[in-house]
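Trainee: What follows is a structure written as structure tokens; I'll ask about it next.
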Amino acid sequence: MEEKIVEGSTTNPANYPPDEWAEVRIDRDYSTGIIPKFDETFPPALAERITEGEYMKTITAINRYLYDAEKLSFLSILQSCIGCATFFTYYLVFNGRSRNNMKKLDEFLESENKNVYHNKGVIWLNPLPNGLLYMQILVKEDFGSNI
């Protein structure tokens with residue numbers, strides 16, 4: 001039986017019934033300050049499905065997108081000043097750097113899920129809906145020939 005995933009929505013938890021998928025949470029790492037970053041320690045619950053190298057590649061890329069979205073720069077200060085001066089109507093017309101990076105993160109997770117993880121019974125969900133508090137990874141419980 002082929003699993004049906006709506007195009008462009010592999011990072012949406014609504015597509016995955018909780019009775020079929022186990023959850024692995026990767027907590028935020030607050031040791032570097034307020035810029036969002038997730039713990040890079042390989043969770044043992046994923047050891048049977050993916051390699052540590054695949055995990056590190058993905059979590060490092062996610063952390064890089066989050067850093068780029070939140071780092072302080074001249075451009076981010078300028079965009080904030082323009083936003084304030086225009087009573088934030090600027091953001092109705094233009095996407096800020098943070099929003100662009102979050103969109104890139106979602107596209108990256110879509111690509112990784114489709115090309116690397118889905119055929120292994122693993123799905124990475126976008127952390128933005130939970131306020132970047134944790135990274136949620138779903139693992140198919142009855143993984144086998146039905147995917």
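Following the order of the structure tokens, chains are lettered A, B, ..., residues in each are numbered from 1, and ligands are numbered from 1.
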Tell me, as a VMD selection string, which residues lie within 12 Å of Leu78 of chain A, counting only C-alpha atoms; anything in the same chain fewer than 6 positions away does not count.
Mentor: chain A and resid 72 84 to 85 90 96 to 97
Trainee: Any idea what's packed within 7 Å of segment 127-144 of chain A, counting only C-alpha atoms, ignoring anything in its chain fewer than 5 positions away? Could you give it as a PyMOL selection string?
Mentor: chain A and resi 20-28+36+121-122
Trainee: From the list A:Thr86, A:Ser98, A:Ser76, A:Thr58, which residue is nearest Ser111 of chain A when using only C-alpha atoms?
Mentor: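 Of the candidates, the smallest distance to Ser111 of chain A is held by A:Thr58.
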Trainee: Counting only C-alpha atoms, which of A:Tyr30, A:Thr89, A:Met56, A:Glu107 gets nearest to Phe42 of chain A?
Mentor: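 Once distances to Phe42 of chain A are computed over only C-alpha atoms, the minimum belongs to A:Met56.
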Trainee: Determine the nearest neighbour of Ala61 of chain A from the options A:Val93, A:Lys37, A:Tyr16, A:Lys120, counting only C-alpha atoms.
Mentor: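 Among the listed residues, A:Lys37 lies closest to Ala61 of chain A.
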Trainee: From the DSSP assignment of the backbone, select every residue of segment 1-144 of chain A that is strand (DSSP E or B), and format the answer as a ChimeraX atom specification.
Mentor: /A:21-28,38,122-124,134-140
Trainee: With only C-alpha atoms as the atoms that count, which of A:Asp106, A:Glu52, A:Glu70, A:Glu112 lies nearest to Gly33 of chain A?
Mentor: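 Ranked by minimum distance to Gly33 of chain A, first place goes to A:Glu70.
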Trainee: Select from segment 9-138 of chain A everything DSSP, run on the backbone, classes as helix (DSSP H, G or I), then give the selection as a ChimeraX atom specification.
Mentor: /A:13-15,30-32,44-46,52-70,74-85,90-93,97-120,128-130
Trainee: Go ahead and compute the interatomic distance for atom CA of Tyr65 of chain A and atom CA of Tyr117 of chain A, in Å to one decimal.
Mentor: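 Interatomic distance, atom CA of Tyr65 of chain A to atom CA of Tyr117 of chain A: 19.2 Å.
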Trainee: Which distance in Å separates atom CA of Ile82 of chain A and atom CA of Asn100 of chain A, to one decimal?
Mentor: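 Taking atom CA of Ile82 of chain A and atom CA of Asn100 of chain A, their separation equals 16.9 Å.
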Trainee: Calculated over only C-alpha atoms, which of the candidates A:Leu92, A:Ile62, A:Cys81, A:Ile123 has the smallest distance to Phe108 of chain A?
Mentor: A:Ile62
